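Shown next: work34.txt, given as compact mmCIF, C-alpha atoms.
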```txt
# COMPACT_ATOMS: atom_id res chain seq x y z
CA MET A 1 115.61 59.27 56.43
CA ARG A 2 114.77 60.88 53.11
CA GLN A 3 111.44 59.06 53.16
CA PHE A 4 110.79 60.42 56.69
CA LEU A 5 111.53 64.02 55.69
CA ARG A 6 109.23 63.78 52.68
CA ASP A 7 106.40 62.32 54.75
CA SER A 8 106.69 64.87 57.54
CA GLY A 9 106.72 67.81 55.14
CA HIS A 10 103.30 68.93 56.30
CA LEU A 11 104.73 69.50 59.79
CA VAL A 12 107.43 71.86 58.61
CA ARG A 13 105.09 74.62 57.43
CA PRO A 14 103.25 75.12 60.75
CA ALA A 15 106.59 74.85 62.54
CA VAL A 16 107.98 77.69 60.43
CA VAL A 17 104.87 79.79 61.05
CA LEU A 18 105.24 79.16 64.79
CA ILE A 19 108.91 80.10 64.82
CA VAL A 20 108.33 83.27 62.80
CA GLY A 21 105.49 84.14 65.17
CA ILE A 22 107.68 83.69 68.25
CA ALA A 23 110.44 85.75 66.66
CA ALA A 24 108.01 88.55 65.81
CA PHE A 25 106.67 88.45 69.39
CA LEU A 26 110.16 88.74 70.85
CA LEU A 27 111.11 91.57 68.49
CA ILE A 28 107.99 93.59 69.25
CA ARG A 29 108.37 92.92 72.98
CA THR A 30 111.97 94.11 72.91
CA ALA A 31 110.97 97.26 71.07
CA LEU A 32 108.08 98.11 73.39
CA ILE A 33 109.45 97.38 76.87
CA PRO A 34 111.63 100.22 78.21
CA LYS A 35 115.29 99.30 78.40
CA ALA A 36 115.51 99.78 82.16
CA PHE A 37 112.35 97.80 82.96
CA GLY A 38 113.16 95.13 85.52
CA GLN A 39 116.51 96.59 86.51
CA TYR A 40 115.43 96.89 90.15
CA GLY A 41 112.03 95.21 90.11
CA HIS A 42 108.81 94.98 88.15
CA TYR A 43 108.89 98.62 87.01
CA ASP A 44 110.78 100.97 84.71
CA ALA A 45 113.93 102.05 86.54
CA ALA A 46 114.15 105.09 84.26
CA ALA A 47 111.11 106.46 86.13
CA LEU A 48 113.45 107.26 89.04
CA ASP A 49 115.37 109.67 86.84
CA ARG A 50 112.18 111.12 85.40
CA ILE A 51 110.86 111.83 88.91
CA ARG A 52 114.20 113.40 89.81
CA GLN A 53 113.78 115.92 86.99
CA HIS A 54 111.09 117.77 88.95
CA PRO A 55 112.22 121.36 89.59
CA VAL A 56 113.13 122.46 93.12
CA SER A 57 111.18 125.38 94.67
CA PHE A 58 112.70 125.55 98.15
CA ALA A 59 116.38 126.41 97.82
CA GLY A 60 117.30 125.17 101.30
CA GLN A 61 118.88 126.80 104.31
CA ASP A 62 122.47 126.56 103.07
CA ALA A 63 121.67 128.54 99.93
CA CYS A 64 120.14 131.40 101.95
CA VAL A 65 122.94 131.87 104.47
CA MET A 66 125.52 131.88 101.69
CA CYS A 67 124.60 135.53 101.04
CA HIS A 68 122.40 136.64 103.93
CA ASP A 69 125.00 136.47 106.63
CA ASP A 70 123.63 139.32 108.78
CA GLN A 71 120.16 137.86 109.03
CA ALA A 72 121.58 134.41 109.69
CA LYS A 73 123.61 135.77 112.62
CA ALA A 74 120.67 137.70 114.07
CA ARG A 75 118.50 134.62 113.81
CA ALA A 76 121.11 132.30 115.29
CA ALA A 77 121.25 134.46 118.43
CA GLY A 78 117.52 134.23 119.13
CA LYS A 79 114.67 131.82 119.64
CA HIS A 80 114.11 131.45 115.91
CA ALA A 81 117.57 129.92 115.47
CA HIS A 82 116.16 126.62 114.24
CA VAL A 83 113.46 128.06 112.00
CA SER A 84 114.66 127.89 108.42
CA CYS A 85 114.51 131.07 106.31
CA GLU A 86 111.99 129.62 103.88
CA ALA A 87 109.63 128.63 106.70
CA CYS A 88 108.59 132.30 106.79
CA HIS A 89 109.89 133.70 103.49
CA GLY A 90 108.46 130.93 101.34
CA PRO A 91 110.12 129.01 98.48
CA GLN A 92 113.10 130.99 97.13
CA ALA A 93 114.85 128.73 94.64
CA ALA A 94 113.95 131.15 91.81
CA HIS A 95 115.69 133.89 93.80
CA ALA A 96 118.65 131.81 94.94
CA ASN A 97 119.40 130.16 91.60
CA ALA A 98 118.93 133.28 89.45
CA ASP A 99 121.93 134.82 87.70
CA ASP A 100 120.83 138.11 89.22
CA PRO A 101 119.05 137.31 92.53
CA SER A 102 118.05 140.95 93.02
CA ALA A 103 115.87 140.70 89.92
CA HIS A 104 113.84 138.03 91.74
CA LYS A 105 113.49 139.91 94.99
CA PRO A 106 111.23 137.94 97.35
CA ALA A 107 108.12 139.66 98.67
CA LEU A 108 108.17 140.40 102.41
CA PRO A 109 106.03 138.00 104.44
CA ASP A 110 102.52 139.05 105.46
CA VAL A 111 103.27 139.67 109.13
CA ALA A 112 99.62 140.06 110.17
CA ASN A 113 99.02 136.37 109.37
CA LEU A 114 102.53 134.93 109.48
CA CYS A 115 103.27 135.11 113.22
CA ARG A 116 99.75 134.10 114.18
CA ARG A 117 99.95 130.82 112.30
CA CYS A 118 102.50 129.55 114.78
CA HIS A 119 101.86 131.59 117.90
CA GLU A 120 98.05 131.88 118.14
CA LYS A 121 96.92 130.08 121.28
CA ASP A 122 95.54 126.60 120.71
CA ALA A 123 95.11 123.86 123.27
CA ALA A 124 96.54 121.32 120.82
CA LYS A 125 99.91 123.08 120.69
CA PRO A 126 102.70 121.88 122.97
CA LYS A 127 102.35 123.56 126.38
CA ASP A 128 105.89 124.95 126.35
CA PHE A 129 105.47 126.58 122.96
CA PRO A 130 105.07 130.40 123.21
CA GLN A 131 101.44 131.23 122.38
CA VAL A 132 99.27 134.33 122.67
CA VAL A 133 95.68 135.25 121.94
CA THR A 134 96.66 137.89 119.37
CA ALA A 135 93.51 139.99 119.83
CA GLU A 136 94.30 140.44 123.54
CA HIS A 137 98.09 140.46 123.20
CA SER A 138 98.71 143.34 120.81
CA GLY A 139 95.39 145.12 120.49
CA GLY A 140 95.63 144.99 116.71
CA ALA A 141 99.20 146.28 116.40
CA LEU A 142 101.49 144.32 114.07
CA CYS A 143 103.87 141.90 115.79
CA THR A 144 106.82 143.66 114.17
CA ALA A 145 105.90 146.89 116.00
CA CYS A 146 107.54 145.38 119.11
CA HIS A 147 109.33 142.19 117.99
CA GLN A 148 112.21 141.83 115.58
CA PRO A 149 111.25 138.71 113.60
CA HIS A 150 114.76 137.29 113.17
CA ASN A 151 115.41 137.54 116.91
CA PRO A 152 111.99 138.06 118.44
CA HIS A 153 112.76 139.14 122.03
CA LEU A 154 111.31 142.51 123.02
CA MET B 1 113.04 83.78 43.98
CA GLU B 2 113.09 80.07 44.69
CA LEU B 3 112.94 79.40 48.43
CA SER B 4 113.11 75.83 49.60
CA ARG B 5 111.57 74.70 52.84
CA ARG B 6 115.03 73.99 54.14
CA ASP B 7 116.11 77.61 53.46
CA LEU B 8 112.97 78.98 55.08
CA PHE B 9 113.46 76.78 58.12
CA ALA B 10 117.10 77.86 58.45
CA ALA B 11 116.20 81.54 58.06
CA GLY B 12 113.43 81.25 60.67
CA GLY B 13 115.78 79.57 63.12
CA LYS B 14 118.43 82.26 62.66
CA LEU B 15 115.84 84.99 63.14
CA LEU B 16 114.64 83.36 66.37
CA ILE B 17 118.16 83.08 67.76
CA LEU B 18 118.99 86.68 66.79
CA ALA B 19 115.80 87.99 68.37
CA SER B 20 116.33 86.22 71.65
CA VAL B 21 120.00 87.22 71.82
CA GLY B 22 119.00 90.79 70.99
CA ALA B 23 116.37 90.84 73.74
CA THR B 24 118.83 89.50 76.32
CA LEU B 25 121.53 91.98 75.26
CA GLU B 26 119.09 94.85 75.56
CA GLN B 27 118.25 93.74 79.09
CA ILE B 28 121.92 93.61 80.06
CA THR B 29 123.41 96.63 78.32
CA GLY B 30 120.38 98.86 77.79
CA ALA B 31 119.83 99.67 81.48
CA ALA B 32 119.76 103.36 82.31
CA PRO B 33 123.18 104.68 83.28
CA PRO B 34 123.53 105.21 87.03
CA SER B 35 122.61 108.73 88.11
CA GLU B 36 125.65 110.85 88.83
CA ALA B 37 126.88 110.99 92.43
CA TYR B 38 123.74 109.43 93.87
CA ASN B 39 123.78 105.71 94.55
CA VAL B 40 120.35 104.27 95.28
CA ALA B 41 121.89 101.32 97.08
CA GLU B 42 123.42 103.57 99.75
CA HIS B 43 120.16 105.03 101.08
CA TRP B 44 117.01 103.89 102.84
CA TRP B 45 114.77 106.88 103.43
CA GLY B 46 112.17 107.45 106.10
CA MET B 47 110.88 110.17 108.37
CA LEU B 48 110.57 110.93 112.05
CA VAL B 49 107.57 112.90 113.28
CA ASP B 50 107.65 114.31 116.79
CA ILE B 51 104.01 114.82 117.79
CA ASP B 52 104.99 116.90 120.81
CA LYS B 53 106.72 119.44 118.59
CA CYS B 54 103.97 119.92 116.01
CA ILE B 55 102.14 123.25 116.38
CA GLY B 56 99.71 122.67 113.50
CA CYS B 57 100.86 125.78 111.63
CA GLY B 58 100.39 124.11 108.24
CA ASN B 59 103.78 125.22 106.90
CA CYS B 60 104.48 121.67 105.73
CA VAL B 61 101.19 121.48 103.82
CA ARG B 62 101.78 124.79 102.06
CA ALA B 63 105.42 123.96 101.32
CA CYS B 64 104.51 120.55 99.88
CA SER B 65 101.77 122.07 97.79
CA LYS B 66 104.14 124.66 96.29
CA GLU B 67 107.12 122.37 95.83
CA ASN B 68 105.14 119.62 94.12
CA GLN B 69 102.38 121.68 92.48
CA VAL B 70 99.77 119.62 94.30
CA PRO B 71 96.35 120.42 92.78
CA GLN B 72 94.05 122.49 94.95
CA GLY B 73 91.93 120.39 97.28
CA TYR B 74 94.35 117.43 97.19
CA PHE B 75 97.09 116.74 99.71
CA ARG B 76 100.31 114.77 99.78
CA THR B 77 100.69 115.75 103.41
CA TRP B 78 98.17 117.21 105.83
CA VAL B 79 97.83 117.84 109.56
CA GLU B 80 95.03 116.46 111.72
CA ARG B 81 93.95 117.87 115.06
CA TYR B 82 92.90 115.22 117.56
CA GLN B 83 90.66 116.08 120.49
CA VAL B 84 90.35 113.01 122.65
CA GLY B 85 87.99 112.65 125.56
CA GLU B 86 88.40 110.35 128.54
CA ASP B 87 86.75 107.51 126.60
CA GLN B 88 89.69 107.67 124.15
CA GLN B 89 87.25 108.33 121.30
CA PRO B 90 88.92 110.97 119.17
CA HIS B 91 87.29 113.86 117.37
CA VAL B 92 89.50 114.59 114.37
CA ASP B 93 89.42 117.67 112.19
CA SER B 94 91.67 118.89 109.40
CA PRO B 95 90.02 121.83 107.66
CA ASN B 96 91.35 121.90 104.10
CA GLY B 97 94.26 119.74 105.21
CA ASP B 98 95.50 122.60 107.48
CA ILE B 99 96.72 124.53 104.43
CA ASP B 100 95.18 127.68 105.95
CA GLY B 101 95.81 126.72 109.57
CA PHE B 102 93.31 125.62 112.23
CA PRO B 103 90.64 127.78 113.81
CA ALA B 104 91.90 128.38 117.35
CA ASP B 105 90.41 126.10 119.98
CA THR B 106 91.44 126.57 123.57
CA ARG B 107 89.15 124.07 125.26
CA THR B 108 91.02 122.15 127.90
CA ASP B 109 88.48 119.45 128.79
CA VAL B 110 89.97 117.16 126.12
CA LYS B 111 93.44 115.92 125.32
CA SER B 112 94.35 117.64 122.06
CA PHE B 113 97.34 117.44 119.76
CA PHE B 114 98.31 117.65 116.10
CA VAL B 115 99.29 114.71 113.91
CA PRO B 116 101.05 115.43 110.60
CA LYS B 117 100.25 112.76 108.04
CA LEU B 118 102.03 111.79 104.85
CA CYS B 119 102.87 108.68 102.85
CA ASN B 120 104.45 106.22 105.28
CA GLN B 121 106.89 104.96 102.60
CA CYS B 122 106.03 101.36 103.45
CA ALA B 123 108.66 98.76 102.70
CA GLU B 124 105.93 96.13 102.17
CA SER B 125 103.47 98.52 100.64
CA PRO B 126 99.91 97.36 99.91
CA CYS B 127 99.65 99.99 97.16
CA VAL B 128 102.58 98.43 95.31
CA GLN B 129 101.21 94.93 95.72
CA VAL B 130 97.90 95.77 94.03
CA CYS B 131 99.28 97.72 91.06
CA PRO B 132 98.53 95.58 87.99
CA VAL B 133 101.03 97.26 85.66
CA GLY B 134 104.16 97.98 87.69
CA ALA B 135 103.44 101.72 87.76
CA THR B 136 103.97 102.09 91.48
CA PHE B 137 106.93 100.61 93.25
CA VAL B 138 109.30 100.85 96.19
CA SER B 139 112.51 102.36 94.88
CA PRO B 140 115.81 100.70 95.88
CA ASP B 141 116.31 103.55 98.35
CA GLY B 142 112.96 102.94 100.01
CA VAL B 143 110.61 105.54 98.53
CA VAL B 144 107.19 104.56 97.19
CA LEU B 145 106.87 106.25 93.80
CA VAL B 146 104.44 106.36 90.88
CA ASP B 147 105.56 106.11 87.26
CA MET B 148 103.11 108.44 85.52
CA ASP B 149 103.95 106.94 82.14
CA TYR B 150 102.85 103.47 83.26
CA CYS B 151 99.88 104.34 85.49
CA LEU B 152 96.50 103.47 83.98
CA GLY B 153 94.52 105.35 86.61
CA CYS B 154 92.71 102.23 87.83
CA ARG B 155 92.74 103.55 91.44
CA TYR B 156 93.50 100.13 93.01
CA CYS B 157 96.39 101.67 94.94
CA ILE B 158 94.21 104.51 96.22
CA GLN B 159 91.86 101.94 97.74
CA ALA B 160 94.69 99.78 99.02
CA CYS B 161 96.53 102.48 100.98
CA PRO B 162 95.52 102.05 104.63
CA TYR B 163 96.59 105.62 105.37
CA GLY B 164 94.61 107.42 102.67
CA CYS B 165 97.73 108.97 101.23
CA ARG B 166 96.95 108.69 97.53
CA TYR B 167 94.68 110.53 95.14
CA LEU B 168 93.96 110.53 91.44
CA HIS B 169 95.52 113.63 89.90
CA PRO B 170 92.61 115.48 88.27
CA GLU B 171 94.67 116.58 85.23
CA THR B 172 96.86 113.58 84.44
CA ASN B 173 94.30 111.01 85.68
CA THR B 174 97.14 109.02 87.19
CA ALA B 175 97.68 108.07 90.83
CA ASP B 176 99.66 110.68 92.72
CA LYS B 177 101.23 110.79 96.14
CA CYS B 178 104.07 112.01 98.33
CA THR B 179 107.40 111.29 96.66
CA LEU B 180 109.28 112.17 99.86
CA CYS B 181 110.54 114.99 97.59
CA TYR B 182 112.59 112.42 95.68
CA HIS B 183 113.91 115.19 93.41
CA ARG B 184 115.29 116.97 96.47
CA ILE B 185 116.58 114.19 98.70
CA THR B 186 118.56 112.66 95.82
CA GLN B 187 120.53 115.89 95.50
CA GLY B 188 121.32 116.43 99.15
CA LEU B 189 118.37 118.66 100.12
CA THR B 190 115.76 117.78 102.71
CA THR B 191 112.07 117.50 101.83
CA ALA B 192 110.05 120.69 101.38
CA CYS B 193 107.92 119.88 104.46
CA CYS B 194 110.99 119.35 106.66
CA GLU B 195 112.60 122.49 105.25
CA ALA B 196 109.53 124.57 106.10
CA CYS B 197 108.75 123.01 109.51
CA PRO B 198 109.57 125.72 112.08
CA THR B 199 109.78 123.41 115.09
CA GLY B 200 111.67 120.43 113.70
CA ALA B 201 108.65 118.20 114.22
CA ARG B 202 109.50 116.46 110.96
CA GLN B 203 112.88 115.03 110.18
CA LEU B 204 113.96 113.30 107.00
CA VAL B 205 116.12 110.31 107.90
CA ASP B 206 118.35 107.90 106.04
CA PHE B 207 118.52 104.56 107.83
CA LYS B 208 121.51 103.43 105.76
CA ASN B 209 123.61 106.46 106.63
CA PRO B 210 125.63 105.51 109.74
CA LYS B 211 126.10 109.22 110.55
CA ASP B 212 122.37 110.00 110.48
CA PRO B 213 121.12 111.08 113.95
CA VAL B 214 118.18 108.70 113.44
CA HIS B 215 120.15 105.80 114.94
CA GLU B 216 120.65 107.60 118.24
CA TYR B 217 117.07 108.89 118.08
CA MET B 218 115.66 105.39 117.70
CA ARG B 219 117.77 104.15 120.62
CA ASN B 220 116.66 106.94 122.97
CA ASN B 221 113.02 107.48 122.11
CA LYS B 222 109.81 105.53 122.18
CA VAL B 223 108.48 105.55 118.65
CA GLN B 224 105.55 103.99 116.86
CA ILE B 225 104.33 103.61 113.31
CA LEU B 226 100.73 104.11 112.22
CA LYS B 227 98.57 100.97 112.01
CA PRO B 228 101.36 98.52 112.83
CA TYR B 229 98.85 95.65 112.64
CA MET B 230 98.64 96.23 108.88
CA ALA B 231 102.25 94.97 108.59
CA THR B 232 103.04 97.55 105.95
CA GLY B 233 106.64 98.09 107.02
CA ALA B 234 105.96 101.83 107.38
CA LYS B 235 109.08 103.98 107.68
CA VAL B 236 107.49 107.11 109.10
CA TYR B 237 108.04 106.84 112.84
CA TYR B 238 105.98 108.89 115.27
CA LYS B 239 107.29 109.89 118.66
CA ASP B 240 104.76 110.25 121.51
CA LEU B 241 101.92 108.92 119.39
CA ASP B 242 98.65 108.53 121.26
CA GLY B 243 96.80 105.24 121.02
CA SER B 244 93.71 107.01 119.69
CA VAL B 245 95.44 108.01 116.44
CA ARG B 246 94.21 106.06 113.43
```
Take the structure I supplied and represent it as structure tokens, if you would.
Amino acid sequence: MRQFLRDSGHLVRPAVVLIVGIAAFLLIRTALIPKAFGQYGHYDAAALDRIRQHPVSFAGQDACVMCHDDQAKARAAGKHAHVSCEACHGPQAAHANADDPSAHKPALPDVANLCRRCHEKDAAKPKDFPQVVTAEHSGGALCTACHQPHNPHL
Amino acid sequence: MELSRRDLFAAGGKLLILASVGATLEQITGAAPPSEAYNVAEHWWGMLVDIDKCIGCGNCVRACSKENQVPQGYFRTWVERYQVGEDQQPHVDSPNGDIDGFPADTRTDVKSFFVPKLCNQCAESPCVQVCPVGATFVSPDGVVLVDMDYCLGCRYCIQACPYGCRYLHPETNTADKCTLCYHRITQGLTTACCEACPTGARQLVDFKNPKDPVHEYMRNNKVQILKPYMATGAKVYYKDLDGSVR
């Protein structure tokens, strides 16, 4: 046995080098690969949380009606009942989430272009959707001269 | 210091065992803590698009652009206008992705309609299959996402997407795409495009939520996915989709 160990001494050195190499590989690999990599699949599961950190711009319907009860009621009674506030008023998270919402007062929508975007006549629009050729319909007057935008009957 | 071969061998062995145990432990215990109140296993997101409700106003495109700071000239969602003659050969236009609306066209000699497009959130996504580094993936709740930290910008996924839904972000030089507003839907909000859609043509749906109206919708309506022959497992279902839509 002793004779065998002495004779095979030249094998021990490369074996040690190999083992140290494997250990170094495993250590470096452990240090470099993100902890959550492979939790769900071949990707870093922590990316899900990173993507979730993106800030919200549209506050959502519920946030608007929390304060703007009057407008919500007017809208609910008319044809725009299912149009969310931010569809016309734009993203309002900065306004809704501010400590003092009045300091982030939203600008009023540009009526001259706003209504037209939905209601200008186009053959591709659903036939039952209310459409007008604005140039003929109002003769240049703003839509709000006749229609109340939250409940747009005449 | 006198170090015998035996000592060196023993030390090397111990180091190897420690390293492998350490690596395994890291894998088990080092996983990110579950996000509060949102369980990825309880959701499977998709979208319904009702072609017959879309008026091509471009609200979804503008909302997406603002919510996600999409660079100018690039689109995570866009609206196409199809004008199809009797030969079923469509003429498709989408000026600037419909971000400024369509020029009015009232011609009635063709069948015309709008088709909102976005990432189809494929369950068997070709874009995920080609990614060489695990930067793009289908999340456990069914959303195809890009990990900006891992993406090399090789553009394989952009070529692989049969729907043309990806682009290379000009500033980060990484692949970018619709995230189905992952930052919103994981906190109980709907996507920016659905929030801004005035006609309800788009509807965010959760197939794993038994209370989601999608189940009744799927029972009562004829729906179709885009390019079903690609077997992508798309989860954006179109109602009243014309056969000419590509």
### Interface list for chain A, partner chain B, 8 Å threshold, all atoms listed in the file, as a ChimeraX atom specification
/A:12-13,16,19-20,22-23,26-27,30,35-37,39-40,42-49,51-58,60-61,82-84,86-88,90-91,117-118,120-126
### Query
For Gly153 of chain B, which of B:Ala41, B:Val223, B:Cys131, B:Leu48 is the closest residue, counting all atoms listed in the file?
B:Cys131
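Proximity to Ala175 of chain B was assessed for B:Trp44, B:Tyr229, B:Tyr74, B:Tyr238 counting all atoms listed in the file; the smallest distance is recorded for B:Tyr74.
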### Pick from A:Val17, A:Arg116, A:His95, A:Gly78 nearest to His137 of chain A, counting only C-alpha atoms
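Nearest to His137 of chain A: A:Arg116.
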### Residue nearest Cys151 of chain B among B:Asp176, B:Asp240, B:Asp7, B:Glu171 (counting only C-alpha atoms)
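Distance minimum relative to Cys151 of chain B lands on B:Asp176.
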### Task
Work out how far apart atom CA of Pro213 of chain B and atom CA of Ala63 of chain A are and give it in Å to one decimal.
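Here the two named atoms are 22.4 Å from each other.
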### Query
atom CA of His150 of chain A to atom CA of Gln71 of chain A: how many Å, to one decimal?
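Between atom CA of His150 of chain A and atom CA of Gln71 of chain A the gap is 6.8 Å.
Across the model, the gap from atom CA of Asn39 of chain B to atom CA of Asn120 of chain B is 22.1 Å.
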### Task
Would you mind listing what lies within 9 Å of Trp78 of chain B as a list in words, with all atoms listed in the file counted and same-chain residues fewer than 6 positions away left out?
Gly58, Cys60, Val61, Ser94, Asn96, Gly97, Asp98, Ile99, Val115, Pro116, Lys117 and Leu118 of chain B
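For the residues B:Glu124, B:Glu42, B:Asp87, B:Glu80, ranking by smallest atom-to-atom distance to Asp206 of chain B using only C-alpha atoms places B:Glu42 first.
Comparing A:Val111, A:Ala98, A:Arg50, A:His119 by their smallest distance to Ala141 of chain A, the closest is A:Val111 (using only C-alpha atoms).
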